[in-house]
Amino acid sequence: MSNLVEIRNLKFAYGDRPILSDLQMDFARGKVVAVMGGSGSGKTTILRLIGGLLAPQEGSITIDGTPVDTHDNDGLYKLRRRMGVLFQNGALFTDLSVYDNVAFPLREHTDLPESLIRDMVLMKLQAVGLRNAAYLKPSEVSGGMARRVALARAIALDPQLIMYDEPFAGLDPISMGVTANLIRNLNDALGSTSILVSHDVDESFSIADYVYFLSAGKVVAQGTPNDLRASSDPYVKQFVNAEADGPVPFHYPGKSLAEDLGLKVDA
Amino acid sequence: MINAIGSLGFAVRTWLANLGYATRMFVRMLSLSFGLLRRPRLITDQIHFIGNYSLVIIAVSGLFVGFVLGLQGYYTLNKYGSEQALGLLVALSLTRELGPVVTALLFAGRAGTSLTAEIGLMKAGEQLAAMEMMAVNPLQRVIGPRFWAGVIAMPILAAIFSAVGILGGYIVGVRLIGVDEGAFWSQMQGGVDVVKDVLNGVLKSVVFGFAVTFIALYQGYESQPTPEGVSRATTRTVVIASLTVLWLDFLLTALMFN
């Protein structure tokens with residue numbers, strides 16, 4: 001099977017508010033796949049559905065052929081041991097040091113001696129360039145560093161699937177470049193599959209093998225970064241060129257300004 | 001009228017749903033607690049955290065309550081020429097009622113709010129979701145150890161409260177007012193029943209420990225992950241836990257002392 005993750009006919013809504021409808025997506029093994037779209041397009045919801053934090057109303061998600069079943073807690077936890085997730089703000093445990101954060105999944109899921117855990121943690125921190133920050137607290141590191149610590153923690157168990165939720169949000173250009181390179185290099189070094197949720201076009205296009213564009217809960221365009229750069233699709237053009245108006249309107253839908261000001265004369 | 005009935009029905013349904021959810025969470029947490037036996041350190045760390053930080057407020061409050069009991073008890077008993085029974089009055093008041101109840105109320109205000117805010121902020125910062133995604137159940141790793149720590153810490157804190165309170169009663173009654181020291185201690189020794197008074201008091205504080213700690217943890221776990229949501233959950237912890245303690249106290253007193 002060439003796809004690690006497959007999403008079929010997926011439908012999800014928060015109460016009466018539909019988020020995703022009839023979604024079909026494939027995430028090929030060993031590839032970095034970017035899921036892009038404007039705010040509220042359902043990108044993060046897809047990650048939460050793949051991770052089993054949310055349950056779809058219809059459709060299915062399979063990881064390596066195993067369905068994500070939110071009713072089977074044991075099965076779900078078994079699947080999650082093969083995943084790593086980088087949350088938008090890092091989600092580091094604030095009461096633990098950088099070292100203990102990275103050691104956390106190793107201590108929880110293995111019976112390795114502390115000396116071996118130490119070596120592994122230092123190697124993961126070395127990979128993200130923060131070995132010398134091992135004994136700092138999360139409150140003592142910058143946003144970019146926290147994101148890298150979270151990345152080291154996400155790859156602590158060498159996961160098959162790594163999911164990144166807005167990894168570039170709020171980072172300075174240097175940190176952004178460092179994070180983008182880390183995502184690509186770690187994916188290739190670990191032989192993992194990466195799902196990258198982002199709305200940062202340049203960084204995502206520079207490392208992704210394949211890109212999905214979402215709008216209003218549907219895939220509106222997909223292809224390699226080069227395909228999408230050359231696309232004539234109005235939504236893709238608006239997004240890639242950061243145009244203020246287009247298929248995604250600048251104004252929130254509703255009455256016109258003339259109507260609100262009482263200037264509209266009925267014909 | 002129909003709107004009012006509808007609102008009432010909705011409120012009752014929401015309350016029942018919350019109660020059912022809390023019960024399910026409680027049972028699930030208990031079933032996962034056996035795993036903690038292999039890692040007692042998780043509980044002892046929390047006992048240190050919860051118990052240690054509540055110790056000063058409990059001890060100081062116990063001392064002042066003891067002072068007041070010594071004074072009020074003396075004024076009342078003196079009217080009937082029974083001031084020799086001051087030690088008994090102070091000890092029974094503390095071990096049966098004030099020790100467990102006031103400790104539980106102070107615990108709700110000090111440790112309970114801290115637990116709710118901690119869990120709520122962990123939720124807001126996606127730490128609980130991160131733990132879930134690392135295949136670590138927060139109910140077992142975060143909620144369980146804090147719950148058992150609260151259950152264990154509460155009777156210890158209540159015992160400290162009562163002991164310090166008796167000391168306070170002794171300082172005021174014997175040292176300052178001049179009640180006979182021998183009578184103070186001997187009346188206490190003769191009148192306090194270990195099972196009926198002391199153990200029932202301990203049992204009360206264990207029940208309060210269950211209630212207050214779980215309410216605090218549940219409120220944090222189910223809080224809206226926003227600053228306003230965490231703040232509301234913290235307030236709810238104090239209100240619900242305090243009322244639950246007082247209601248449970250009445251129920252337990254009626255059952256224990258008939």
# chains A, B, ... in the order shown; residues from 1 in each chain; ligands from 1
$ interface_residues --of "chain A" --to "chain B" --cutoff "6 Å" --atoms "only C-alpha atoms" --output "list in words"
Tyr77, Arg80, Arg81 and Ala91 of chain A
$ residues_around --residues "segment 168-173 of chain B" --least-positions-apart "5" --cutoff "8 Å" --atoms "only C-alpha atoms" --output "number ranges by chain"
B: 62-71, 74, 86-87, 90, 178-179, 184
$ write_last_selection --atoms "N, CA and C atoms" --output "mmCIF file, in the first residue's frame"
data_model
loop_
_atom_site.group_PDB
_atom_site.id
_atom_site.type_symbol
_atom_site.label_atom_id
_atom_site.label_comp_id
_atom_site.auth_asym_id
_atom_site.auth_seq_id
_atom_site.Cartn_x
_atom_site.Cartn_y
_atom_site.Cartn_z
ATOM 1 N N GLY B 62 -6.397 26.368 62.025
ATOM 2 C CA GLY B 62 -6.671 25.475 63.159
ATOM 3 C C GLY B 62 -6.360 26.153 64.477
ATOM 4 N N LEU B 63 -5.243 26.882 64.525
ATOM 5 C CA LEU B 63 -4.840 27.567 65.751
ATOM 6 C C LEU B 63 -5.877 28.614 66.158
ATOM 7 N N PHE B 64 -6.313 29.417 65.173
ATOM 8 C CA PHE B 64 -7.284 30.472 65.492
ATOM 9 C C PHE B 64 -8.639 29.893 65.880
ATOM 10 N N VAL B 65 -9.051 28.848 65.176
ATOM 11 C CA VAL B 65 -10.327 28.201 65.530
ATOM 12 C C VAL B 65 -10.226 27.655 66.957
ATOM 13 N N GLY B 66 -9.072 27.072 67.293
ATOM 14 C CA GLY B 66 -8.847 26.571 68.653
ATOM 15 C C GLY B 66 -8.925 27.693 69.671
ATOM 16 N N PHE B 67 -8.319 28.844 69.357
ATOM 17 C CA PHE B 67 -8.383 30.021 70.251
ATOM 18 C C PHE B 67 -9.846 30.388 70.521
ATOM 19 N N VAL B 68 -10.615 30.496 69.437
ATOM 20 C CA VAL B 68 -12.007 30.921 69.555
ATOM 21 C C VAL B 68 -12.812 29.893 70.352
ATOM 22 N N LEU B 69 -12.583 28.611 70.052
ATOM 23 C CA LEU B 69 -13.295 27.559 70.793
ATOM 24 C C LEU B 69 -12.953 27.633 72.280
ATOM 25 N N GLY B 70 -11.680 27.880 72.577
ATOM 26 C CA GLY B 70 -11.252 27.998 73.967
ATOM 27 C C GLY B 70 -11.981 29.126 74.670
ATOM 28 N N LEU B 71 -12.062 30.267 73.996
ATOM 29 C CA LEU B 71 -12.725 31.439 74.585
ATOM 30 C C LEU B 71 -14.227 31.238 74.738
ATOM 31 N N TYR B 74 -15.165 28.490 77.131
ATOM 32 C CA TYR B 74 -14.989 28.890 78.538
ATOM 33 C C TYR B 74 -16.157 29.762 78.999
ATOM 34 N N LEU B 86 -13.756 21.998 79.381
ATOM 35 C CA LEU B 86 -13.350 22.759 78.191
ATOM 36 C C LEU B 86 -12.552 21.887 77.200
ATOM 37 N N GLY B 87 -11.637 21.087 77.731
ATOM 38 C CA GLY B 87 -10.816 20.228 76.858
ATOM 39 C C GLY B 87 -11.680 19.279 76.060
ATOM 40 N N VAL B 90 -13.615 21.282 73.302
ATOM 41 C CA VAL B 90 -12.727 21.662 72.185
ATOM 42 C C VAL B 90 -12.420 20.431 71.333
ATOM 43 N N GLY B 178 -6.692 30.134 82.663
ATOM 44 C CA GLY B 178 -6.353 29.483 83.924
ATOM 45 C C GLY B 178 -7.195 28.267 84.271
ATOM 46 N N VAL B 179 -7.822 27.647 83.280
ATOM 47 C CA VAL B 179 -8.537 26.386 83.530
ATOM 48 C C VAL B 179 -7.510 25.350 83.978
ATOM 49 N N PHE B 184 -8.369 19.681 82.019
ATOM 50 C CA PHE B 184 -8.462 19.913 80.565
ATOM 51 C C PHE B 184 -8.125 18.633 79.799
#
$ residues_around --residues "Ala150 of chain A" --least-positions-apart "6" --cutoff "9 Å" --atoms "only C-alpha atoms" --output "list in words"
Val85, Leu86, Phe87, Asn89, Gly90, Ala91, Leu92, Val98, Asn101 and Val102 of chain A
$ residues_around --residues "Arg28 of chain B" --least-positions-apart "4" --cutoff "12 Å" --atoms "only C-alpha atoms" --output "compact mmCIF listing (two decimals) with N, CA and C atoms, in the first residue's frame"
# COMPACT_ATOMS: atom_id res chain seq x y z
N ASN A 73 -10.68 2.60 22.51
CA ASN A 73 -9.60 3.37 23.15
C ASN A 73 -8.25 2.68 23.04
N TYR B 21 -21.90 12.41 32.84
CA TYR B 21 -20.54 12.50 32.30
C TYR B 21 -19.51 12.43 33.42
N ALA B 22 -19.82 13.16 34.52
CA ALA B 22 -18.89 13.16 35.66
C ALA B 22 -18.78 11.76 36.26
N THR B 23 -19.91 11.06 36.35
CA THR B 23 -19.90 9.70 36.91
C THR B 23 -19.06 8.78 36.02
N ARG B 24 -19.26 8.91 34.73
CA ARG B 24 -18.49 8.07 33.79
C ARG B 24 -17.00 8.36 33.92
N LEU B 32 -8.68 3.13 35.92
CA LEU B 32 -7.30 3.34 35.45
C LEU B 32 -6.32 3.50 36.60
N SER B 33 -6.86 3.63 37.83
CA SER B 33 -5.98 3.92 38.97
C SER B 33 -5.08 2.76 39.36
N PHE B 34 -5.48 1.54 38.98
CA PHE B 34 -4.64 0.39 39.35
C PHE B 34 -3.24 0.53 38.75
N ASN B 137 -2.94 8.47 28.60
CA ASN B 137 -4.28 8.90 29.02
C ASN B 137 -4.18 9.93 30.14
N PRO B 138 -4.65 11.16 29.91
CA PRO B 138 -4.55 12.18 30.98
C PRO B 138 -5.32 11.80 32.24
N LEU B 139 -6.37 10.99 32.08
CA LEU B 139 -7.12 10.57 33.27
C LEU B 139 -6.22 9.75 34.20
N GLN B 140 -5.34 8.95 33.59
CA GLN B 140 -4.44 8.13 34.40
C GLN B 140 -3.20 8.90 34.84
N ILE B 143 -5.02 13.24 36.09
CA ILE B 143 -6.16 13.34 37.01
C ILE B 143 -6.02 12.35 38.16
N GLY B 144 -5.73 11.10 37.84
CA GLY B 144 -5.66 10.03 38.86
C GLY B 144 -4.70 10.37 40.01
$ residues_around --residues "segment 188-195 of chain B" --least-positions-apart "5" --cutoff "7 Å" --atoms "only C-alpha atoms" --output "list of chain:residue names"
B:Gly87, B:Leu88, B:Ala91, B:Leu92, B:Asn200
$ residues_around --residues "Glu140 of chain A" --least-positions-apart "3" --cutoff "12 Å" --atoms "only C-alpha atoms" --output "ChimeraX atom specification"
/A:94-98,133-137,143-146
$ write_last_selection --atoms "C-alpha atoms" --output "mmCIF file, in the first residue's frame"
data_model
loop_
_atom_site.group_PDB
_atom_site.id
_atom_site.type_symbol
_atom_site.label_atom_id
_atom_site.label_comp_id
_atom_site.auth_asym_id
_atom_site.auth_seq_id
_atom_site.Cartn_x
_atom_site.Cartn_y
_atom_site.Cartn_z
ATOM 1 C CA THR A 94 5.245 23.702 31.571
ATOM 2 C CA ASP A 95 6.157 21.969 34.837
ATOM 3 C CA LEU A 96 8.850 19.864 33.152
ATOM 4 C CA SER A 97 12.247 20.912 31.783
ATOM 5 C CA VAL A 98 13.075 20.715 28.085
ATOM 6 C CA ALA A 133 19.106 23.974 26.347
ATOM 7 C CA ALA A 134 18.172 20.604 27.851
ATOM 8 C CA TYR A 135 17.820 21.829 31.414
ATOM 9 C CA LEU A 136 15.902 25.034 30.720
ATOM 10 C CA LYS A 137 12.217 25.310 31.527
ATOM 11 C CA GLY A 143 8.606 30.560 20.772
ATOM 12 C CA GLY A 144 10.769 29.167 17.986
ATOM 13 C CA MET A 145 12.836 27.113 20.428
ATOM 14 C CA ALA A 146 9.681 25.804 22.108
#
$ residues_around --residues "Ser39 of chain A" --least-positions-apart "3" --cutoff "10 Å" --atoms "only C-alpha atoms" --output "PDB file with N, CA and C atoms, in the first residue's frame"
ATOM      1  N   MET A  36      -3.293  23.056   2.947  1.00  0.00           N
ATOM      2  CA  MET A  36      -3.311  24.515   3.059  1.00  0.00           C
ATOM      3  C   MET A  36      -4.719  25.052   2.872  1.00  0.00           C
ATOM      4  N   GLY A  42     -10.847  24.192   7.913  1.00  0.00           N
ATOM      5  CA  GLY A  42     -10.942  22.810   8.401  1.00  0.00           C
ATOM      6  C   GLY A  42      -9.621  22.064   8.433  1.00  0.00           C
ATOM      7  N   LYS A  43      -8.503  22.787   8.299  1.00  0.00           N
ATOM      8  CA  LYS A  43      -7.186  22.117   8.245  1.00  0.00           C
ATOM      9  C   LYS A  43      -6.861  21.408   9.565  1.00  0.00           C
ATOM     10  N   THR A  44      -6.942  22.156  10.661  1.00  0.00           N
ATOM     11  CA  THR A  44      -6.592  21.563  11.959  1.00  0.00           C
ATOM     12  C   THR A  44      -7.571  20.456  12.328  1.00  0.00           C
ATOM     13  N   SER A 198      -0.686  24.245   7.206  1.00  0.00           N
ATOM     14  CA  SER A 198      -0.089  25.586   7.263  1.00  0.00           C
ATOM     15  C   SER A 198      -0.803  26.517   6.294  1.00  0.00           C
ATOM     16  N   HIS A 199      -0.666  27.828   6.514  1.00  0.00           N
ATOM     17  CA  HIS A 199      -1.085  28.732   5.453  1.00  0.00           C
ATOM     18  C   HIS A 199       0.097  29.585   5.001  1.00  0.00           C
ATOM     19  N   SER A 215     -10.990  24.679   0.955  1.00  0.00           N
ATOM     20  CA  SER A 215     -11.813  25.870   1.148  1.00  0.00           C
ATOM     21  C   SER A 215     -13.214  25.396   1.523  1.00  0.00           C
ATOM     22  N   ALA A 216     -13.775  25.992   2.538  1.00  0.00           N
ATOM     23  CA  ALA A 216     -15.119  25.638   3.023  1.00  0.00           C
ATOM     24  C   ALA A 216     -15.269  24.134   3.204  1.00  0.00           C
TER      25      ALA A 216
END
$ closest_residue --among "A:Asp16, A:Glu243, A:Asp111, A:Asp209" --to "Leu196 of chain A" --atoms "only C-alpha atoms"
A:Asp209
$ select_by_dssp --residues "segment 136-256 of chain A" --states "helix (DSSP H, G or I)" --output "ChimeraX atom specification"
/A:138-140,143-154,173-190,201-207,225-229,234-240
$ atom_distance --atom1 "atom CA of Asp188 of chain A" --atom2 "atom CA of Pro167 of chain A"
17.6 Å
$ decode --residues "segment 213-226 of chain B" --atoms "N, CA and C atoms" --output "compact mmCIF listing (two decimals), in the first residue's frame"
# COMPACT_ATOMS: atom_id res chain seq x y z
N THR B 213 -11.79 16.98 45.87
CA THR B 213 -10.74 16.80 44.87
C THR B 213 -11.34 16.46 43.51
N PHE B 214 -12.35 15.59 43.51
CA PHE B 214 -12.94 15.24 42.21
C PHE B 214 -13.64 16.43 41.58
N ILE B 215 -14.38 17.18 42.40
CA ILE B 215 -15.07 18.36 41.86
C ILE B 215 -14.05 19.32 41.24
N ALA B 216 -12.95 19.56 41.94
CA ALA B 216 -11.92 20.48 41.43
C ALA B 216 -11.34 19.96 40.11
N LEU B 217 -11.04 18.68 40.07
CA LEU B 217 -10.43 18.11 38.86
C LEU B 217 -11.42 18.09 37.70
N TYR B 218 -12.66 17.74 38.00
CA TYR B 218 -13.68 17.67 36.95
C TYR B 218 -13.92 19.07 36.36
N GLN B 219 -14.01 20.07 37.24
CA GLN B 219 -14.24 21.43 36.75
C GLN B 219 -13.09 21.89 35.85
N GLY B 220 -11.87 21.54 36.22
CA GLY B 220 -10.73 21.91 35.37
C GLY B 220 -10.75 21.16 34.06
N TYR B 221 -11.04 19.88 34.11
CA TYR B 221 -11.02 19.02 32.93
C TYR B 221 -12.10 19.41 31.93
N GLU B 222 -13.23 19.88 32.45
CA GLU B 222 -14.35 20.23 31.58
C GLU B 222 -14.47 21.73 31.35
N SER B 223 -13.47 22.49 31.78
CA SER B 223 -13.57 23.95 31.62
C SER B 223 -13.43 24.33 30.15
N GLN B 224 -13.98 25.48 29.81
CA GLN B 224 -13.75 26.04 28.47
C GLN B 224 -12.29 26.45 28.41
N PRO B 225 -11.57 26.07 27.34
CA PRO B 225 -10.14 26.35 27.31
C PRO B 225 -9.81 27.81 26.97
N THR B 226 -10.36 28.73 27.74
CA THR B 226 -10.09 30.15 27.56
C THR B 226 -9.83 30.74 28.94
